[in-house]
$ cat upload_16.cif   # mmCIF, C-alpha atoms
data_upload
loop_
_atom_site.label_atom_id
_atom_site.label_comp_id
_atom_site.auth_asym_id
_atom_site.auth_seq_id
_atom_site.Cartn_x
_atom_site.Cartn_y
_atom_site.Cartn_z
CA MET I 1 56.82 9.95 -14.68
CA ARG I 2 56.83 6.45 -13.37
CA PRO I 3 54.42 7.04 -10.42
CA ILE I 4 52.03 8.76 -12.81
CA ALA I 5 52.03 5.74 -15.08
CA VAL I 6 51.21 3.51 -12.13
CA PHE I 7 48.29 5.68 -11.13
CA ALA I 8 47.04 5.83 -14.70
CA ALA I 9 47.04 2.06 -14.89
CA LEU I 10 44.87 1.67 -11.81
CA PRO I 11 41.51 2.59 -13.33
CA LEU I 12 42.22 0.26 -16.23
CA CYS I 13 42.94 -2.60 -13.82
CA ALA I 14 39.71 -1.85 -12.00
CA LEU I 15 37.82 -1.83 -15.27
CA LEU I 16 39.33 -5.13 -16.41
CA SER I 17 38.58 -6.87 -13.15
CA ALA I 18 35.05 -5.41 -13.11
CA ALA I 19 34.19 -6.54 -16.61
CA PRO I 20 33.73 -10.26 -15.91
CA VAL I 21 31.53 -9.43 -12.89
CA ARG I 22 28.86 -11.57 -14.59
CA ALA I 23 27.45 -13.33 -11.55
CA ASP I 24 26.46 -16.94 -11.56
CA ASP I 25 24.15 -17.35 -14.56
CA ASN I 26 21.48 -18.95 -12.44
CA VAL I 27 21.28 -16.25 -9.78
CA ILE I 28 19.11 -13.17 -10.19
CA ILE I 29 19.81 -10.32 -7.80
CA ILE I 30 16.91 -8.09 -6.80
CA LYS I 31 18.22 -4.63 -6.03
CA HIS I 32 17.04 -1.04 -6.49
CA PHE I 33 13.58 -2.34 -7.48
CA MET I 34 14.94 -4.33 -10.44
CA PHE I 35 15.62 -7.95 -11.34
CA ASN I 36 19.23 -8.21 -12.46
CA PRO I 37 19.66 -9.61 -14.99
CA MET I 38 16.11 -9.00 -16.18
CA ASP I 39 16.28 -11.70 -18.85
CA ILE I 40 18.26 -14.91 -18.69
CA THR I 41 18.42 -18.07 -20.78
CA VAL I 42 19.11 -21.42 -19.11
CA PRO I 43 19.10 -25.09 -20.19
CA ALA I 44 16.12 -27.20 -19.09
CA GLY I 45 16.62 -28.71 -15.65
CA THR I 46 18.28 -25.57 -14.19
CA ASP I 47 17.56 -24.27 -10.71
CA VAL I 48 17.24 -20.49 -10.84
CA THR I 49 17.68 -18.56 -7.59
CA TRP I 50 16.53 -15.02 -6.78
CA GLU I 51 18.10 -13.09 -3.90
CA ASN I 52 16.58 -9.88 -2.56
CA GLN I 53 19.16 -7.27 -1.60
CA ASP I 54 16.67 -4.42 -1.09
CA GLY I 55 15.40 -3.38 2.34
CA GLU I 56 11.91 -3.52 0.81
CA PRO I 57 10.33 -6.98 0.29
CA HIS I 58 9.77 -8.30 -3.21
CA THR I 59 8.12 -11.36 -4.72
CA VAL I 60 8.76 -13.51 -7.78
CA VAL I 61 5.39 -14.34 -9.34
CA SER I 62 4.91 -16.06 -12.69
CA VAL I 63 2.44 -14.22 -14.91
CA THR I 64 1.01 -17.58 -16.00
CA GLY I 65 0.91 -19.06 -12.49
CA ASP I 66 3.82 -21.48 -12.96
CA PHE I 67 5.71 -20.38 -9.84
CA ARG I 68 5.28 -17.99 -6.94
CA SER I 69 7.60 -17.03 -4.10
CA GLU I 70 6.57 -15.86 -0.67
CA ALA I 71 7.37 -12.25 0.18
CA LEU I 72 11.19 -12.13 0.20
CA ASP I 73 12.58 -9.84 2.85
CA GLU I 74 16.14 -8.49 2.61
CA LYS I 75 18.62 -11.36 2.02
CA ASP I 76 15.84 -13.94 1.51
CA LYS I 77 16.20 -16.29 -1.45
CA PHE I 78 13.80 -18.22 -3.64
CA SER I 79 14.63 -21.02 -6.09
CA HIS I 80 12.64 -22.68 -8.81
CA ARG I 81 13.65 -25.54 -11.13
CA PHE I 82 12.81 -25.03 -14.80
CA ASP I 83 12.37 -28.43 -16.49
CA THR I 84 10.19 -27.51 -19.45
CA PRO I 85 11.50 -25.40 -22.35
CA GLY I 86 9.63 -22.15 -22.88
CA THR I 87 9.50 -18.48 -21.98
CA TYR I 88 8.48 -17.60 -18.43
CA LYS I 89 7.57 -14.01 -17.64
CA TYR I 90 7.34 -12.95 -14.02
CA ILE I 91 6.72 -9.83 -11.91
CA CYS I 92 7.06 -8.64 -8.34
CA SER I 93 3.47 -8.64 -7.09
CA ILE I 94 4.29 -5.85 -4.62
CA HIS I 95 5.87 -3.62 -7.29
CA PRO I 96 4.46 -4.83 -10.62
CA ARG I 97 6.65 -2.44 -12.59
CA MET I 98 9.41 -4.96 -11.84
CA VAL I 99 9.41 -7.56 -14.60
CA GLY I 100 11.74 -10.35 -15.77
CA THR I 101 11.91 -13.30 -18.17
CA ILE I 102 13.43 -16.76 -17.92
CA THR I 103 13.94 -18.48 -21.27
CA VAL I 104 14.42 -22.25 -20.92
CA MET I 105 16.12 -24.06 -23.82
CA ALA I 106 15.91 -27.78 -24.55
CA LYS I 107 19.07 -29.56 -23.39
CA MET W 1 -14.54 24.63 8.31
CA LYS W 2 -11.34 23.09 9.52
CA CYS W 3 -8.08 23.05 7.64
CA LEU W 4 -5.81 20.11 7.08
CA ALA W 5 -3.39 19.88 9.94
CA PHE W 6 -0.03 18.44 9.03
CA GLY W 7 0.90 17.36 12.53
CA GLY W 8 -1.08 14.67 14.33
CA ALA W 9 -1.66 10.94 14.38
CA GLY W 10 -4.41 10.54 11.82
CA THR W 11 -7.24 12.04 9.87
CA LEU W 12 -10.72 12.61 11.18
CA PHE W 13 -13.57 12.87 8.71
CA THR W 14 -16.69 14.95 9.24
CA LEU W 15 -19.64 15.28 6.92
CA SER W 16 -20.70 18.88 6.45
CA GLY W 17 -23.13 20.02 3.76
CA GLY W 18 -22.47 16.83 1.77
CA ILE W 19 -18.70 17.14 1.51
CA LEU W 20 -16.22 15.13 3.56
CA MET W 21 -13.52 17.34 5.01
CA PRO W 22 -10.54 16.42 7.15
CA SER W 23 -9.92 17.88 10.60
CA ALA W 24 -7.14 17.36 13.15
CA LEU W 25 -7.43 15.05 16.12
CA GLY W 26 -7.54 16.99 19.34
CA GLN W 27 -8.65 20.11 17.49
CA THR W 28 -12.29 19.10 17.37
CA ALA W 29 -13.08 20.20 20.87
CA SER W 30 -16.87 20.17 21.04
CA ALA W 31 -18.37 17.02 22.47
CA SER W 32 -20.98 17.12 19.69
CA ASP W 33 -18.15 16.69 17.19
CA VAL W 34 -18.18 12.92 17.26
CA PRO W 35 -16.11 11.73 14.32
CA LEU W 36 -17.99 9.86 11.64
CA PHE W 37 -15.02 7.52 11.38
CA LEU W 38 -11.24 7.21 11.61
CA GLN W 39 -8.78 6.02 8.99
CA ILE W 40 -5.56 4.21 9.83
CA SER W 41 -3.28 2.77 7.19
CA ASP W 42 -0.08 0.93 6.41
CA THR W 43 0.63 -0.49 9.84
CA HIS W 44 3.16 -2.92 8.23
CA ILE W 45 3.35 -5.20 11.25
CA GLY W 46 6.47 -7.35 10.76
CA PHE W 47 8.64 -4.54 9.38
CA ASN W 48 11.84 -4.29 11.45
CA LYS W 49 14.36 -2.24 9.48
CA ASP W 50 16.11 1.04 10.33
CA ALA W 51 13.27 3.27 9.15
CA ASN W 52 11.31 2.08 12.23
CA PRO W 53 12.47 -0.97 14.19
CA ASP W 54 9.30 -0.85 16.34
CA VAL W 55 6.19 -0.62 14.15
CA ALA W 56 4.15 -2.40 16.83
CA GLY W 57 5.15 0.39 19.21
CA THR W 58 4.06 3.18 16.87
CA LEU W 59 0.75 1.40 16.21
CA LYS W 60 0.24 1.18 19.98
CA GLU W 61 0.95 4.93 20.25
CA THR W 62 -1.61 5.58 17.52
CA ILE W 63 -4.18 3.44 19.33
CA ALA W 64 -3.46 5.20 22.65
CA LYS W 65 -3.98 8.56 20.93
CA VAL W 66 -7.35 7.43 19.56
CA ASN W 67 -8.42 5.93 22.87
CA ALA W 68 -7.68 9.26 24.56
CA MET W 69 -10.05 11.15 22.24
CA ALA W 70 -12.97 12.79 24.03
CA ALA W 71 -15.51 11.69 21.41
CA LYS W 72 -14.90 8.37 19.76
CA PRO W 73 -16.31 7.23 16.42
CA LEU W 74 -18.35 4.09 15.86
CA LEU W 75 -16.30 3.11 12.83
CA THR W 76 -12.64 2.80 11.80
CA ILE W 77 -11.27 1.86 8.41
CA HIS W 78 -7.83 0.36 7.75
CA THR W 79 -6.72 1.04 4.19
CA GLY W 80 -4.32 -1.88 3.90
CA ASP W 81 -0.79 -3.15 4.38
CA ILE W 82 -1.86 -4.35 7.78
CA THR W 83 1.20 -6.63 7.65
CA HIS W 84 4.57 -6.38 5.94
CA LEU W 85 5.02 -9.93 4.59
CA SER W 86 1.51 -11.49 4.80
CA LYS W 87 2.69 -13.90 7.50
CA ALA W 88 0.21 -15.52 9.89
CA ALA W 89 2.19 -14.34 12.93
CA GLU W 90 2.12 -10.75 11.63
CA PHE W 91 -1.66 -10.86 11.16
CA ASP W 92 -2.00 -12.35 14.65
CA LEU W 93 0.01 -9.54 16.23
CA ALA W 94 -1.84 -6.86 14.22
CA SER W 95 -5.23 -8.28 15.27
CA GLN W 96 -4.12 -8.45 18.89
CA LEU W 97 -2.97 -4.80 18.86
CA LEU W 98 -6.05 -3.54 16.98
CA MET W 99 -8.33 -5.22 19.53
CA ASP W 100 -7.31 -2.44 21.92
CA LEU W 101 -8.60 0.25 19.55
CA ARG W 102 -11.78 1.68 21.07
CA ALA W 103 -13.09 3.34 17.93
CA GLY W 104 -16.03 1.23 16.79
CA GLU W 105 -16.22 -1.43 14.14
CA LEU W 106 -13.04 -2.02 12.11
CA HIS W 107 -13.38 -2.37 8.33
CA THR W 108 -10.38 -3.30 6.20
CA VAL W 109 -9.17 -3.61 2.63
CA PRO W 110 -5.97 -5.49 1.74
CA GLY W 111 -2.74 -3.87 0.58
CA GLU W 112 -0.33 -5.69 -1.73
CA HIS W 113 1.83 -6.57 1.30
CA ASP W 114 -1.17 -8.45 2.80
CA VAL W 115 -1.74 -10.70 -0.20
CA THR W 116 1.74 -11.78 -1.31
CA ASP W 117 0.61 -15.33 -0.57
CA GLY W 118 -2.07 -15.07 -3.26
CA PRO W 119 -5.86 -15.03 -3.18
CA GLY W 120 -7.83 -16.92 -0.57
CA THR W 121 -5.06 -17.18 2.03
CA GLU W 122 -4.12 -15.42 5.30
CA TYR W 123 -5.85 -12.07 4.70
CA PHE W 124 -9.03 -13.63 3.39
CA ALA W 125 -9.15 -16.27 6.10
CA ARG W 126 -9.34 -13.42 8.62
CA PHE W 127 -11.17 -10.60 6.85
CA GLY W 128 -12.84 -12.29 3.88
CA LYS W 129 -16.06 -13.55 5.41
CA ALA W 130 -18.05 -10.30 5.09
CA SER W 131 -17.32 -10.09 1.38
CA ASP W 132 -17.65 -13.76 0.44
CA ASN W 133 -13.85 -13.80 -0.02
CA ARG W 134 -13.92 -11.13 -2.73
CA GLY W 135 -12.39 -8.50 -0.45
CA TYR W 136 -14.66 -5.71 -1.76
CA TYR W 137 -17.98 -4.81 -0.11
CA SER W 138 -20.22 -1.91 0.87
CA PHE W 139 -22.28 -0.80 3.84
CA ASP W 140 -24.16 2.26 5.12
CA HIS W 141 -23.25 4.16 8.28
CA ARG W 142 -25.08 7.24 9.58
CA GLY W 143 -26.49 8.12 6.18
CA VAL W 144 -23.20 7.68 4.34
CA HIS W 145 -22.60 4.88 1.82
CA PHE W 146 -19.18 3.24 2.29
CA VAL W 147 -17.56 1.20 -0.48
CA ALA W 148 -14.43 -0.89 0.18
CA LEU W 149 -12.50 -1.75 -2.98
CA VAL W 150 -9.49 -3.97 -3.73
CA ASN W 151 -6.92 -2.71 -6.24
CA VAL W 152 -3.96 -4.94 -5.31
CA MET W 153 -5.01 -8.30 -6.79
CA HIS W 154 -5.06 -7.71 -10.55
CA PHE W 155 -1.60 -6.39 -11.31
CA GLN W 156 -0.42 -6.59 -14.88
CA PRO W 157 3.32 -6.64 -15.67
CA GLY W 158 4.62 -3.09 -15.74
CA GLY W 159 1.24 -1.74 -14.72
CA LEU W 160 -0.53 0.10 -11.96
CA GLY W 161 -3.00 -1.32 -9.46
CA ALA W 162 -6.33 -2.47 -10.91
CA PHE W 163 -9.88 -3.37 -9.85
CA GLY W 164 -10.64 -5.77 -12.71
CA ALA W 165 -13.84 -6.12 -14.72
CA GLU W 166 -15.71 -8.24 -12.19
CA GLN W 167 -15.27 -5.75 -9.35
CA LEU W 168 -16.13 -2.80 -11.58
CA ALA W 169 -19.38 -4.52 -12.62
CA TRP W 170 -20.16 -5.08 -8.93
CA LEU W 171 -19.43 -1.42 -8.12
CA LYS W 172 -21.70 -0.16 -10.89
CA GLN W 173 -24.49 -2.36 -9.58
CA ASP W 174 -23.83 -1.39 -5.96
CA LEU W 175 -24.15 2.34 -6.68
CA ALA W 176 -27.03 2.06 -9.16
CA GLY W 177 -29.89 2.29 -6.68
CA LEU W 178 -28.51 5.13 -4.55
CA SER W 179 -29.79 8.69 -4.44
CA ALA W 180 -27.24 11.17 -5.81
CA SER W 181 -27.62 13.17 -2.59
CA MET W 182 -26.23 10.35 -0.47
CA PRO W 183 -22.62 11.02 0.49
CA VAL W 184 -20.28 8.25 -0.66
CA VAL W 185 -16.96 7.24 0.87
CA VAL W 186 -14.78 4.95 -1.25
CA PHE W 187 -11.70 3.37 0.27
CA ALA W 188 -8.99 1.20 -1.27
CA HIS W 189 -5.29 0.68 -0.61
CA MET W 190 -3.62 2.20 -3.67
CA PRO W 191 -4.37 5.77 -4.74
CA MET W 192 -7.25 6.02 -7.21
CA TRP W 193 -5.49 8.68 -9.22
CA THR W 194 -2.01 8.48 -10.71
CA ILE W 195 0.48 10.11 -8.37
CA ASN W 196 3.58 8.47 -9.87
CA GLU W 197 3.27 5.99 -12.70
CA SER W 198 6.80 4.57 -12.61
CA TRP W 199 6.39 3.73 -8.94
CA GLY W 200 2.99 2.18 -9.57
CA TRP W 201 1.29 4.84 -7.42
CA GLY W 202 -2.06 4.74 -9.15
CA THR W 203 -4.89 2.49 -10.32
CA GLY W 204 -5.13 1.84 -14.05
CA ASP W 205 -8.89 1.34 -14.27
CA ALA W 206 -9.84 3.93 -11.61
CA PRO W 207 -11.30 6.31 -14.27
CA GLU W 208 -13.99 3.71 -14.98
CA ALA W 209 -14.83 3.44 -11.26
CA LEU W 210 -14.92 7.23 -10.92
CA SER W 211 -17.30 7.51 -13.88
CA TYR W 212 -19.92 5.68 -11.77
CA LEU W 213 -19.35 8.11 -8.87
CA ARG W 214 -19.50 11.42 -10.70
CA ARG W 215 -23.28 11.86 -10.35
CA PHE W 216 -23.06 11.97 -6.55
CA GLY W 217 -22.98 15.31 -4.74
CA SER W 218 -20.28 14.24 -2.29
CA VAL W 219 -17.64 11.59 -2.93
CA THR W 220 -14.60 11.04 -0.71
CA VAL W 221 -11.88 8.69 -1.94
CA LEU W 222 -9.48 7.53 0.76
CA ASN W 223 -6.29 5.57 0.16
CA GLY W 224 -3.00 4.62 1.81
CA HIS W 225 -0.01 2.95 0.14
CA ILE W 226 2.26 5.98 -0.27
CA HIS W 227 2.83 6.71 3.46
CA GLN W 228 2.29 10.45 3.11
CA ILE W 229 -0.54 12.88 2.59
CA VAL W 230 -1.42 13.81 -0.96
CA GLN W 231 -4.82 15.22 -1.81
CA LYS W 232 -6.80 16.86 -4.54
CA VAL W 233 -10.38 17.86 -5.30
CA GLU W 234 -11.97 17.20 -8.67
CA GLY W 235 -15.57 18.39 -8.97
CA ASN W 236 -17.48 16.72 -6.15
CA VAL W 237 -14.74 14.17 -5.55
CA THR W 238 -12.15 14.67 -2.80
CA PHE W 239 -9.08 12.41 -3.00
CA HIS W 240 -6.92 11.95 0.09
CA THR W 241 -4.13 9.56 1.08
CA ALA W 242 -3.30 8.87 4.72
CA ARG W 243 -0.01 8.63 6.54
CA SER W 244 1.31 5.26 7.68
CA THR W 245 1.60 4.35 11.35
CA ALA W 246 4.87 2.51 10.54
CA TYR W 247 7.36 4.48 8.39
CA PRO W 248 7.42 7.29 5.83
CA GLN W 249 8.19 6.91 2.13
CA PRO W 250 9.99 9.34 -0.19
CA GLN W 251 8.10 12.01 -2.06
CA PRO W 252 6.86 10.73 -5.42
CA GLY W 253 9.79 9.85 -7.68
CA ALA W 254 12.50 10.95 -5.23
CA GLY W 255 15.18 8.25 -4.96
CA ASP W 256 15.63 4.62 -6.00
CA GLY W 257 12.09 3.51 -5.48
CA PRO W 258 9.08 3.46 -3.18
CA GLY W 259 10.84 1.91 -0.18
CA PRO W 260 11.03 2.91 3.49
CA LEU W 261 12.46 6.38 4.12
CA LYS W 262 14.93 6.60 7.00
CA VAL W 263 14.60 9.88 8.86
CA PRO W 264 16.23 11.08 12.11
CA PRO W 265 14.44 9.44 15.09
CA ASP W 266 13.09 12.77 16.35
CA GLN W 267 11.47 13.38 12.95
CA LEU W 268 9.69 10.01 12.74
CA PRO W 269 6.68 10.85 14.96
CA HIS W 270 5.99 13.86 12.72
CA MET W 271 5.65 11.59 9.70
CA LEU W 272 3.36 8.90 11.14
CA GLY W 273 -0.31 9.29 11.89
CA LEU W 274 -3.96 8.80 11.09
CA THR W 275 -6.97 10.57 9.64
CA SER W 276 -10.24 11.48 11.29
CA ILE W 277 -13.50 12.38 9.57
CA MET W 278 -16.37 14.46 10.95
CA VAL W 279 -19.83 15.12 9.51
CA LYS W 280 -21.62 18.42 9.90
CA ARG W 281 -24.82 19.24 8.05
CA HIS W 282 -23.96 16.62 5.42
CA HIS W 283 -20.39 17.88 4.90
CA LEU W 284 -17.46 15.64 5.67
CA PHE W 285 -14.40 17.20 7.27
CA LEU W 286 -11.09 15.35 7.17
CA SER W 287 -8.25 16.00 9.55
CA ASP W 288 -4.81 14.45 9.74
CA SER W 289 -2.83 14.16 12.93
CA THR W 290 0.62 12.76 13.68
CA LEU W 291 2.22 10.95 16.61
CA ALA W 292 4.34 14.01 17.41
#

$ encode --input "upload_16.cif" --output "structure tokens"
Amino acid sequence: MRPIAVFAALPLCALLSAAPVRADDNVIIIKHFMFNPMDITVPAGTDVTWENQDGEPHTVVSVTGDFRSEALDEKDKFSHRFDTPGTYKYICSIHPRMVGTITVMAK
Amino acid sequence: MKCLAFGGAGTLFTLSGGILMPSALGQTASASDVPLFLQISDTHIGFNKDANPDVAGTLKETIAKVNAMAAKPLLTIHTGDITHLSKAAEFDLASQLLMDLRAGELHTVPGEHDVTDGPGTEYFARFGKASDNRGYYSFDHRGVHFVALVNVMHFQPGGLGAFGAEQLAWLKQDLAGLSASMPVVVFAHMPMWTINESWGWGTGDAPEALSYLRRFGSVTVLNGHIHQIVQKVEGNVTFHTARSTAYPQPQPGAGDGPGPLKVPPDQLPHMLGLTSIMVKRHHLFLSDSTLA
């Protein structure tokens, strides 16, 4: 019975260690044609970084023109500092179905 | 009348009885069959991933295939994504390679990969002069009216490609004075009908543009963007997308998203190519050929 119990515990361990996988709050991973997380909230003065992990290039383009990355190839990164509280919507200008929002709170 | 050939480097368009039809390169034997024009698309110069580590090489092969044609056209169109990342060095290499193409005047429209740096930058510095930096323009060639449109500059979040109100007003005006018997060729990067909405393979305000074109007896709509051939006929309007010279993409909706499709190396030449268009008695004939 004992070996069985050990095996049964393994998936639970994996689950527990996977749960806090919450990456750095200020990093947005671009993968499988999605911004992940799609929506984040940060205090004013935060640098937010996007990293493209797709083989296809993506961009980070503010809908209101506040920021714009170059085309990010695989592994390229882009950072922008958000100093002013507000809601910032952005898209990938190559694949405009990809959308995200940065909400900036007053400190 | 020639059939679409699914193995060659491009599509050749002929005008026959007012309708543009495709025909295969190398299959139009008669010397009188001079193509009206050629279409190449999605050269993606700068791409270097597994799906094709040598996109400059496959563009060179395409150019060599065209240059070996017995009868060469006086016009070639490039339906966008000339470059992969809109970089100056990529545009420089693309221009250098395309200079070797002996197939008449080259007319272009931008793809979304060409304008990631925003309006008025690399693409427009090189190709914007003819259109006063708008990117869209028209011209006549051998009795056919050609309209170049831009549907990659007015994206809305979550949306498809778009022309925008200003361009649509221009198009309406541009077509207003033409006889309905004049064949019209419209070319833009993204498909002008919705092939897959969730992948953005369509143009949201294309129905408005098509409403201006419906009165014409022969309309041919040519696009790229999806790196594979999809076509349909609706009344007098023939829709056709060209292959890429760089890499294939999955069939609509198959897989994670519209990214490069890795195929076995021996399959790749079968999936790259161009389109050639012939005119005969006012009918346009399209033919696709691959690099295989």

$ closest_residue --input "upload_16.cif" --among "W:Tyr247, W:Leu85, W:Arg126, W:Leu149" --to "Pro264 of chain W" --atoms "only C-alpha atoms"
W:Tyr247

$ interface_residues --input "upload_16.cif" --of "chain I" --to "chain W" --cutoff "7 Å" --atoms "only C-alpha atoms" --output "PDB file with C-alpha atoms, in the coordinates of the input"
ATOM      1  CA  HIS I  32      17.040  -1.040  -6.490  1.00  0.00           C
ATOM      2  CA  PHE I  33      13.580  -2.340  -7.480  1.00  0.00           C
ATOM      3  CA  GLU I  56      11.910  -3.520   0.810  1.00  0.00           C
ATOM      4  CA  GLU I  70       6.570 -15.860  -0.670  1.00  0.00           C
ATOM      5  CA  ALA I  71       7.370 -12.250   0.180  1.00  0.00           C
ATOM      6  CA  ILE I  91       6.720  -9.830 -11.910  1.00  0.00           C
ATOM      7  CA  SER I  93       3.470  -8.640  -7.090  1.00  0.00           C
ATOM      8  CA  ILE I  94       4.290  -5.850  -4.620  1.00  0.00           C
ATOM      9  CA  HIS I  95       5.870  -3.620  -7.290  1.00  0.00           C
ATOM     10  CA  PRO I  96       4.460  -4.830 -10.620  1.00  0.00           C
ATOM     11  CA  ARG I  97       6.650  -2.440 -12.590  1.00  0.00           C
ATOM     12  CA  MET I  98       9.410  -4.960 -11.840  1.00  0.00           C
ATOM     13  CA  VAL I  99       9.410  -7.560 -14.600  1.00  0.00           C
TER      14      VAL I  99
END

$ closest_residue --input "upload_16.cif" --among "W:Asp174, W:Glu122, W:Asp288, W:Asp33" --to "Ala242 of chain W" --atoms "all atoms listed in the file"
W:Asp288

$ residues_near_point --input "upload_16.cif" --point "(17.0, -27.1, -22.4)" --cutoff "6 Å" --atoms "all atoms listed in the file" --output "ChimeraX atom specification"
/I:43-44,85,104-107

$ residues_near_point --input "upload_16.cif" --point "(-22.0, 7.6, 5.4)" --cutoff "8 Å" --atoms "all atoms listed in the file" --output "list in words"
Leu36, Asp140, His141, Arg142, Gly143, Val144, His145, Phe146, Met182, Pro183, Val184 and Val185 of chain W

$ residues_around --input "upload_16.cif" --residues "segment 225-229 of chain W" --least-positions-apart "6" --cutoff "7 Å" --atoms "only C-alpha atoms" --output "PyMOL selection string"
chain W and resi 42+189-190+240-244+248-249

$ resolve_selection --input "upload_16.cif" --expression "the PyMOL selection byres ((chain W and resi 96-98) around 10)" --output "short mmCIF file (atom, residue, chain, number, x, y, z; two decimals) with C-alpha atoms, keeping the file's coordinate frame"
data_model
loop_
_atom_site.label_atom_id
_atom_site.label_comp_id
_atom_site.auth_asym_id
_atom_site.auth_seq_id
_atom_site.Cartn_x
_atom_site.Cartn_y
_atom_site.Cartn_z
CA ILE W 45 3.35 -5.20 11.25
CA ALA W 56 4.15 -2.40 16.83
CA GLY W 57 5.15 0.39 19.21
CA LEU W 59 0.75 1.40 16.21
CA LYS W 60 0.24 1.18 19.98
CA ILE W 63 -4.18 3.44 19.33
CA GLU W 90 2.12 -10.75 11.63
CA PHE W 91 -1.66 -10.86 11.16
CA ASP W 92 -2.00 -12.35 14.65
CA LEU W 93 0.01 -9.54 16.23
CA ALA W 94 -1.84 -6.86 14.22
CA SER W 95 -5.23 -8.28 15.27
CA MET W 99 -8.33 -5.22 19.53
CA ASP W 100 -7.31 -2.44 21.92
CA LEU W 101 -8.60 0.25 19.55
CA ARG W 102 -11.78 1.68 21.07
CA ALA W 103 -13.09 3.34 17.93
CA LEU W 106 -13.04 -2.02 12.11
#

$ closest_residue --input "upload_16.cif" --among "I:Val61, I:Gln53, I:Asp25, I:Gly100" --to "Asp76 of chain I" --atoms "all atoms listed in the file"
I:Gln53

$ atom_distance --input "upload_16.cif" --atom1 "atom CA of Asp83 of chain I" --atom2 "atom CA of Asp54 of chain I"
28.8 Å

$ resolve_selection --input "upload_16.cif" --expression "the PyMOL selection byres ((chain W and resi 72) around 8)" --output "PyMOL selection string"
chain W and resi 34-35+66-67+69-71+73-74+102-104

$ resolve_selection --input "upload_16.cif" --expression "the PyMOL selection byres ((chain W and resi 192) around 12)" --output "PyMOL selection string"
chain W and resi 149-152+160-163+186-191+193-197+200-210+220-226+230-232+237-241

$ atom_distance --input "upload_16.cif" --atom1 "atom CA of Leu261 of chain W" --atom2 "atom CA of Met34 of chain I"
18.2 Å

$ atom_distance --input "upload_16.cif" --atom1 "atom CA of Asp73 of chain I" --atom2 "atom CA of Pro265 of chain W"
22.9 Å

$ residues_around --input "upload_16.cif" --residues "Tyr212 of chain W" --least-positions-apart "5" --cutoff "10 Å" --atoms "only C-alpha atoms" --output "compact mmCIF listing (two decimals) with C-alpha atoms, in the frame of the given file"
# COMPACT_ATOMS: atom_id res chain seq x y z
CA LEU W 168 -16.13 -2.80 -11.58
CA LEU W 171 -19.43 -1.42 -8.12
CA LYS W 172 -21.70 -0.16 -10.89
CA GLN W 173 -24.49 -2.36 -9.58
CA ASP W 174 -23.83 -1.39 -5.96
CA LEU W 175 -24.15 2.34 -6.68
CA ALA W 176 -27.03 2.06 -9.16
CA PRO W 207 -11.30 6.31 -14.27

$ decode --input "upload_16.cif" --residues "segment 70-99 of chain I" --atoms "C-alpha atoms" --output "PDB file, in the first residue's frame"
ATOM      1  CA  GLU I  70       8.536  47.580 -32.429  1.00  0.00           C
ATOM      2  CA  ALA I  71       7.744  44.167 -33.885  1.00  0.00           C
ATOM      3  CA  LEU I  72       8.868  41.719 -31.185  1.00  0.00           C
ATOM      4  CA  ASP I  73      10.369  38.554 -32.585  1.00  0.00           C
ATOM      5  CA  GLU I  74      10.615  35.388 -30.481  1.00  0.00           C
ATOM      6  CA  LYS I  75      12.274  36.154 -27.101  1.00  0.00           C
ATOM      7  CA  ASP I  76      12.237  39.936 -27.701  1.00  0.00           C
ATOM      8  CA  LYS I  77      11.052  42.124 -24.844  1.00  0.00           C
ATOM      9  CA  PHE I  78       9.436  45.536 -24.573  1.00  0.00           C
ATOM     10  CA  SER I  79       9.030  47.662 -21.441  1.00  0.00           C
ATOM     11  CA  HIS I  80       6.981  50.733 -20.707  1.00  0.00           C
ATOM     12  CA  ARG I  81       6.762  52.767 -17.491  1.00  0.00           C
ATOM     13  CA  PHE I  82       3.239  53.680 -16.381  1.00  0.00           C
ATOM     14  CA  ASP I  83       3.360  56.890 -14.305  1.00  0.00           C
ATOM     15  CA  THR I  84      -0.190  58.169 -14.728  1.00  0.00           C
ATOM     16  CA  PRO I  85      -3.185  56.386 -13.172  1.00  0.00           C
ATOM     17  CA  GLY I  86      -5.760  55.193 -15.690  1.00  0.00           C
ATOM     18  CA  THR I  87      -6.822  52.295 -17.881  1.00  0.00           C
ATOM     19  CA  TYR I  88      -4.638  51.504 -20.882  1.00  0.00           C
ATOM     20  CA  LYS I  89      -5.995  49.182 -23.549  1.00  0.00           C
ATOM     21  CA  TYR I  90      -3.597  47.741 -26.098  1.00  0.00           C
ATOM     22  CA  ILE I  91      -3.557  45.318 -29.036  1.00  0.00           C
ATOM     23  CA  CYS I  92      -1.091  43.440 -31.213  1.00  0.00           C
ATOM     24  CA  SER I  93      -1.162  45.392 -34.468  1.00  0.00           C
ATOM     25  CA  ILE I  94      -0.230  42.244 -36.415  1.00  0.00           C
ATOM     26  CA  HIS I  95      -3.007  40.155 -34.839  1.00  0.00           C
ATOM     27  CA  PRO I  96      -5.595  42.646 -33.573  1.00  0.00           C
ATOM     28  CA  ARG I  97      -7.689  39.900 -31.996  1.00  0.00           C
ATOM     29  CA  MET I  98      -5.017  39.951 -29.283  1.00  0.00           C
ATOM     30  CA  VAL I  99      -6.029  42.509 -26.667  1.00  0.00           C
TER      31      VAL I  99
END
